[in-house]
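Worksheet for the structure shown next.
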Amino acid sequence: MLEVKDVNSFYGKAHVLNDLNFNVEAGTVVALLGRNGAGKTTTMKSIMQLVRPRSGTVIYKGQDITGWPSHKVARAGLGYVPEERRIFTQLTVLENLEVGRQPPREGCTTWTDDMVFDLFPNLAERRNNRGKALSGGEQQMLTIARTLMGNPAFILLDEPSEGIAPVIVEQMARVILQLKREGLTVLLSEQNLHFAQAVADGVVIIEHGTQKFVGSLSELQAHPEIRDQYLSV
Amino acid sequence: MGLFIAQILTGLANAGALFMVASGLSLIFGVTRVVNFAHGSFYMLGAYVGYSLMQVLPGMVGFWVAILLAGIIVGLIGVIVEFCVLRPVYSAPELFQLVATFGVILVIQDLALMIWGPQDLLGPRAPGLKGVIRIMGEPVPQYDIALIVITPFVAFGLWYLITRTRVGTLVRAATQDREMVSALGVNQAWLFTGVFFLGCALAGLGGALQLPKGGADLLMDFNILGPVFVVVVIGGMGSLPGAYLAAVIISVLNVFGVTYAPQSTLVLMFVVMVIVLMFRPFGLLGKEEVAGEHGQVGEPERPIKPAGRNMRLLVAAGLLILGLLPFYGSNFAVVLVTDIMIFALFAASLHFMLGQGGLVSFGHAAFFGGGAYAAALFVTHANTPMELALVLAPVCAGLAAIVIGWVCLRSTGVYFAMLTLAFGQLLWSLAFQWSEVTGGDDGLVNIWPSDWASDNSVYYYLAFVLCVGGILLLRQAAHAPFGYAMRAARDSARQAEAMGINTKRIQWVAFTFAGVMAGLAGGLFVFSKGSIFPNELETARSFDALIVVFLGGVKTLSGGWVGAAFFEGIKDYLTRFEYWRLALGLSIIVIVILGPEGIVGSLRKAGERLGILKVPEDAK
């Protein structure tokens, strides 16, 4: 469904991603693992074209989307959930959802306010609160909910478990599995191996912007030395 | 009592146009982060277009249709400007967009002159609303009442659009985080264009609505800028209710000022603004600007290094050629180059605080004109000799910079810029309205150099020594640890603070130093011309300096004076033509789009590409 081919990305003169190559199959959850600063967020942004890869291609559903403006990538069905919980703090929860709303997409769930509130009951009570009044966990839920309003076929989750309470992390894991059951394809970046193990089918490990391992979760579990070398457990 | 109420009503009526222009400016800034300096020009266009339409469309219906159409037409003109001028430079640093809008001001000025001619146009009175109604015996024009009623409706409509519709929600979201909005599938480009249309249409509407009260003239664009910036700052950037409140405060105050203190009307609003900002640094209803949201744009800046041997030789040769000018140049050339050197010092001082300190001032003319006025006032009122006056000019400008810097540096970013603009206007109003001391519009004349320096060539050498010395001093400061601290404060204020740099104090000193140097240039200017008029303090003067800095190249050390030399030279040539503003404006726009690195930056790039200059190791 998504193919990342020989992608190289730069910030100014700094070479951040080095020949990344991996695929995400439709209906699976793939975890992008790596330590802080490994290039996970840049990978996400390079797929969304928020960072333009200097070389290489990103292919989504057979279409080369490299160089597209980000809004076009989003409209093609790629939903992006940023790491820093970039909700619109001056807008209410409902208004945040409104910004994310896109026309229905064939073959995808058409999300409504009520449906995302079913998924995240905490948000329902706070629908008229401004974003800045939400807790960290609620903000994280809102970023996901907002992206779902765009009715994506594929969702990019950047460190969904970062900096939130363990009980909410569990809830996040349930949500991701539910989204998978609904037919969504997910690429999530993580430092938290436990969280990844709970949801992922496939694994990509990167370090210093270079790919170190691509395979299934069971393959990774069969090679603990890889885990120890590239991930802090 | 009747008079009191009548005056409040007049103030409320005047607030209408001001509110519309200010809310348009604030909207555009909020979403696109462009401080649209050409906003006053759209206001002026609204008045002119409305005037022409009213000639064609008769009667009461025609009058109001004309106003509405004027708004729409100006909005469409705004879209053209957005498309042709701003779209190509959105990805450039924000300051370049500013310069592009300067270019637009000049272009619109000359287009208006071409189409409507130089004479002031008297606005037609509104059919059906020509009379007055009496309130407690005082006459209040019916049209004023109409404006008082209309404005809240416009304000409400705008408020509804922004807070209650999907488009408004997207606009507010984009105000906070454009990239995220785009990642959610919203096409930013159209959002920008839409907001630009709305903002410009509001300005045009304001211009057309005030026609029966003020008519149309070619000075409207700059005249409205000062009050509009004050309103936006007092009300709080991005707050519609704030803009309305501030427009009312300023307009009512103005009406009372005219009655009770006619000498201080212009100064009054700036005093109010400073007082408001002392207590609420983000305006009455504004919110704190989140700084650093976008980070550094474009290529990282190169470290500054001392000039190499070849460059030093080149500069020395250039100075020699300059120094010998009186021996081979004509008298005209000597006078022209004196002007250029003075302007170069002025520009270099702005370039110093802008390039090294990241402090974008819209009112640097305050110190240039301030120094000039200081010298002229001492000569006129105290018979001070030139030598002493030339010392007092930078001293006074420096003192002014200490005070103004203290107030302005409490704010950052666009608030800082607007405060400096307001202070520039404040000094201008002082010079303009305090005619017993400053001579008002007639200026101060007969300020000539001492006998020994009265010859053009001798004065040339005096200016040469002081200007070249001043520019070298500024350059020295940039290379000194002080310059490092300035750049640290510019690039990352927090990190600089964490390293123990008192960034505010560094900026304050830099601001003052730049003020001193501008004051010195002003002092030299007044003795070279023999006179001084308030226009040396005008916002347009500050803009000249800003344009020059950008033309020269912000990210290069020599950008200031190179740009000044180029600009003064080209202006001297261009002003011989009737529509020189048009030509200058267009060239500015073209330069911003094609060569955003400025003259020096582009030359350096070209030199490196051709292999004449070496690319430094750390830039590879």
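Each chain in the structure tokens gets a letter, A, B, ..., in the order shown, and its residues are numbered from 1; ligands are numbered from 1 in order too.
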
Discussion item. Select, as an NGL selection string, those residues of chain B with any atom no more than 6 Å from chain A (distances computed using only C-alpha atoms).
Written reply: :B and (170 or 173 or 182-187)

Got time to write the residues from that selection, C-alpha atoms, as a compact mmCIF listing (two decimals), in the first residue's frame?
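Contents of result-v9.txt, freshly written:
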# COMPACT_ATOMS: atom_id res chain seq x y z
CA LEU B 170 -9.89 26.92 9.19
CA ALA B 173 -6.55 27.01 12.86
CA SER B 182 -2.11 21.59 5.40
CA ALA B 183 -1.30 18.10 6.69
CA LEU B 184 -4.99 17.70 7.45
CA GLY B 185 -5.84 18.19 3.79
CA VAL B 186 -6.62 21.89 3.61
CA ASN B 187 -5.15 23.73 0.65

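All residues of protein, DNA or RNA that reach within 10 Å of Met269 in chain B, judged by only C-alpha atoms and not counting those fewer than 5 positions away in the chain, are Gly226, Pro227, Val230, Val231, Ile234, Ile249, Ile250, Ser251, Leu253, Asn254, Gly257, Ser264, Val274, Ile275, Ala422 and Leu426 of chain B.
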
Grab the residues selected above and save them as a JSON list (two decimals), in the first residue's frame with all heavy atoms.
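Printed below is part07.json as written:
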[["chain", "number", "residue", "atom", "x", "y", "z"],
["B", 226, "GLY", "N", -0.21, 54.73, 10.29],
["B", 226, "GLY", "CA", 0.11, 54.98, 11.70],
["B", 226, "GLY", "C", -1.06, 54.62, 12.59],
["B", 226, "GLY", "O", -0.94, 53.73, 13.46],
["B", 227, "PRO", "N", -2.23, 55.25, 12.39],
["B", 227, "PRO", "CA", -3.39, 54.91, 13.22],
["B", 227, "PRO", "C", -3.76, 53.44, 13.16],
["B", 227, "PRO", "O", -4.12, 52.85, 14.17],
["B", 227, "PRO", "CB", -4.51, 55.77, 12.62],
["B", 227, "PRO", "CG", -3.83, 56.88, 11.93],
["B", 227, "PRO", "CD", -2.50, 56.38, 11.49],
["B", 230, "VAL", "N", -1.48, 51.44, 15.27],
["B", 230, "VAL", "CA", -1.77, 51.72, 16.67],
["B", 230, "VAL", "C", -3.01, 50.93, 17.11],
["B", 230, "VAL", "O", -3.03, 50.30, 18.17],
["B", 230, "VAL", "CB", -1.97, 53.23, 16.89],
["B", 230, "VAL", "CG1", -2.55, 53.49, 18.27],
["B", 230, "VAL", "CG2", -0.66, 53.96, 16.73],
["B", 231, "VAL", "N", -4.04, 50.94, 16.26],
["B", 231, "VAL", "CA", -5.27, 50.24, 16.61],
["B", 231, "VAL", "C", -5.01, 48.74, 16.75],
["B", 231, "VAL", "O", -5.45, 48.11, 17.72],
["B", 231, "VAL", "CB", -6.35, 50.50, 15.53],
["B", 231, "VAL", "CG1", -7.47, 49.48, 15.63],
["B", 231, "VAL", "CG2", -6.90, 51.89, 15.67],
["B", 234, "ILE", "N", -2.97, 48.22, 19.99],
["B", 234, "ILE", "CA", -3.74, 48.44, 21.21],
["B", 234, "ILE", "C", -4.80, 47.36, 21.37],
["B", 234, "ILE", "O", -5.01, 46.81, 22.44],
["B", 234, "ILE", "CB", -4.44, 49.82, 21.18],
["B", 234, "ILE", "CG1", -3.42, 50.94, 21.30],
["B", 234, "ILE", "CG2", -5.43, 49.93, 22.35],
["B", 234, "ILE", "CD1", -4.03, 52.31, 21.39],
["B", 249, "ILE", "N", -11.70, 53.88, 20.69],
["B", 249, "ILE", "CA", -10.91, 54.67, 21.65],
["B", 249, "ILE", "C", -10.11, 55.74, 20.91],
["B", 249, "ILE", "O", -10.14, 56.92, 21.25],
["B", 249, "ILE", "CB", -9.96, 53.76, 22.46],
["B", 249, "ILE", "CG1", -10.77, 52.86, 23.39],
["B", 249, "ILE", "CG2", -8.97, 54.59, 23.26],
["B", 249, "ILE", "CD1", -9.93, 51.84, 24.13],
["B", 250, "ILE", "N", -9.39, 55.29, 19.88],
["B", 250, "ILE", "CA", -8.51, 56.21, 19.16],
["B", 250, "ILE", "C", -9.33, 57.32, 18.48],
["B", 250, "ILE", "O", -8.97, 58.51, 18.54],
["B", 250, "ILE", "CB", -7.66, 55.44, 18.12],
["B", 250, "ILE", "CG1", -6.65, 54.56, 18.84],
["B", 250, "ILE", "CG2", -6.95, 56.39, 17.17],
["B", 250, "ILE", "CD1", -5.70, 55.31, 19.74],
["B", 251, "SER", "N", -10.43, 56.94, 17.85],
["B", 251, "SER", "CA", -11.20, 57.94, 17.12],
["B", 251, "SER", "C", -11.85, 58.96, 18.05],
["B", 251, "SER", "O", -11.84, 60.16, 17.79],
["B", 251, "SER", "CB", -12.29, 57.26, 16.29],
["B", 251, "SER", "OG", -11.71, 56.33, 15.43],
["B", 253, "LEU", "N", -10.90, 59.72, 21.05],
["B", 253, "LEU", "CA", -9.82, 60.52, 21.62],
["B", 253, "LEU", "C", -9.38, 61.61, 20.65],
["B", 253, "LEU", "O", -9.12, 62.74, 21.04],
["B", 253, "LEU", "CB", -8.65, 59.57, 21.87],
["B", 253, "LEU", "CG", -7.66, 59.97, 22.94],
["B", 253, "LEU", "CD1", -8.34, 59.84, 24.28],
["B", 253, "LEU", "CD2", -6.45, 59.08, 22.86],
["B", 254, "ASN", "N", -9.33, 61.24, 19.39],
["B", 254, "ASN", "CA", -8.89, 62.16, 18.37],
["B", 254, "ASN", "C", -9.84, 63.36, 18.26],
["B", 254, "ASN", "O", -9.42, 64.50, 18.16],
["B", 254, "ASN", "CB", -8.82, 61.42, 17.03],
["B", 254, "ASN", "CG", -7.67, 61.90, 16.22],
["B", 254, "ASN", "OD1", -6.78, 62.57, 16.74],
["B", 254, "ASN", "ND2", -7.68, 61.57, 14.96],
["B", 257, "GLY", "N", -9.32, 65.48, 21.12],
["B", 257, "GLY", "CA", -8.02, 66.13, 20.99],
["B", 257, "GLY", "C", -8.11, 67.36, 20.10],
["B", 257, "GLY", "O", -7.56, 68.42, 20.42],
["B", 264, "SER", "N", -1.78, 68.62, 19.86],
["B", 264, "SER", "CA", -1.21, 67.32, 20.27],
["B", 264, "SER", "C", -2.02, 66.14, 19.76],
["B", 264, "SER", "O", -1.83, 65.03, 20.21],
["B", 264, "SER", "CB", -1.15, 67.25, 21.78],
["B", 264, "SER", "OG", -2.46, 67.33, 22.30],
["B", 274, "VAL", "N", 1.36, 53.58, 24.13],
["B", 274, "VAL", "CA", 2.47, 53.21, 25.01],
["B", 274, "VAL", "C", 1.93, 52.85, 26.38],
["B", 274, "VAL", "O", 2.35, 51.86, 26.99],
["B", 274, "VAL", "CB", 3.48, 54.37, 25.08],
["B", 274, "VAL", "CG1", 4.51, 54.08, 26.16],
["B", 274, "VAL", "CG2", 4.16, 54.56, 23.75],
["B", 275, "ILE", "N", 0.96, 53.63, 26.86],
["B", 275, "ILE", "CA", 0.40, 53.34, 28.19],
["B", 275, "ILE", "C", -0.25, 51.96, 28.20],
["B", 275, "ILE", "O", -0.02, 51.15, 29.10],
["B", 275, "ILE", "CB", -0.63, 54.42, 28.59],
["B", 275, "ILE", "CG1", 0.11, 55.75, 28.80],
["B", 275, "ILE", "CG2", -1.35, 54.02, 29.87],
["B", 275, "ILE", "CD1", -0.81, 56.92, 29.01],
["B", 422, "ALA", "N", 5.36, 53.29, 15.63],
["B", 422, "ALA", "CA", 4.55, 54.27, 16.35],
["B", 422, "ALA", "C", 5.44, 55.37, 16.93],
["B", 422, "ALA", "O", 5.08, 56.55, 16.89],
["B", 422, "ALA", "CB", 3.77, 53.58, 17.45],
["B", 426, "LEU", "N", 5.41, 59.25, 16.34],
["B", 426, "LEU", "CA", 5.31, 60.17, 17.47],
["B", 426, "LEU", "C", 6.27, 61.35, 17.28],
["B", 426, "LEU", "O", 5.90, 62.51, 17.40],
["B", 426, "LEU", "CB", 5.63, 59.42, 18.76],
["B", 426, "LEU", "CG", 5.70, 60.24, 20.04],
["B", 426, "LEU", "CD1", 4.32, 60.73, 20.41],
["B", 426, "LEU", "CD2", 6.26, 59.41, 21.18]]

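Comparing the minimum interatomic distances between Val93 in chain A and each of B:Gln188, B:Ser450, B:Ser26, B:Thr169, counting only C-alpha atoms, we find that B:Thr169 sits nearest.
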
Practice prompt. Would you please extract all helix (DSSP H, G or I) residues from range 12-171 of chain B, as assigned by DSSP on the backbone, and give them as a PyMOL selection string?
Written response: chain B and resi 12-32+39-56+59-89+94-116+142-164+166-171

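The closest residue to Pro53 in chain A, picked from A:Lys5, A:His208, A:Arg35, A:Lys40 and counting only C-alpha atoms, is A:Lys5.
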
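Note that the spacing between CA of Val74 in chain B and CA of Gly286 in chain B amounts to 27.7 Å.
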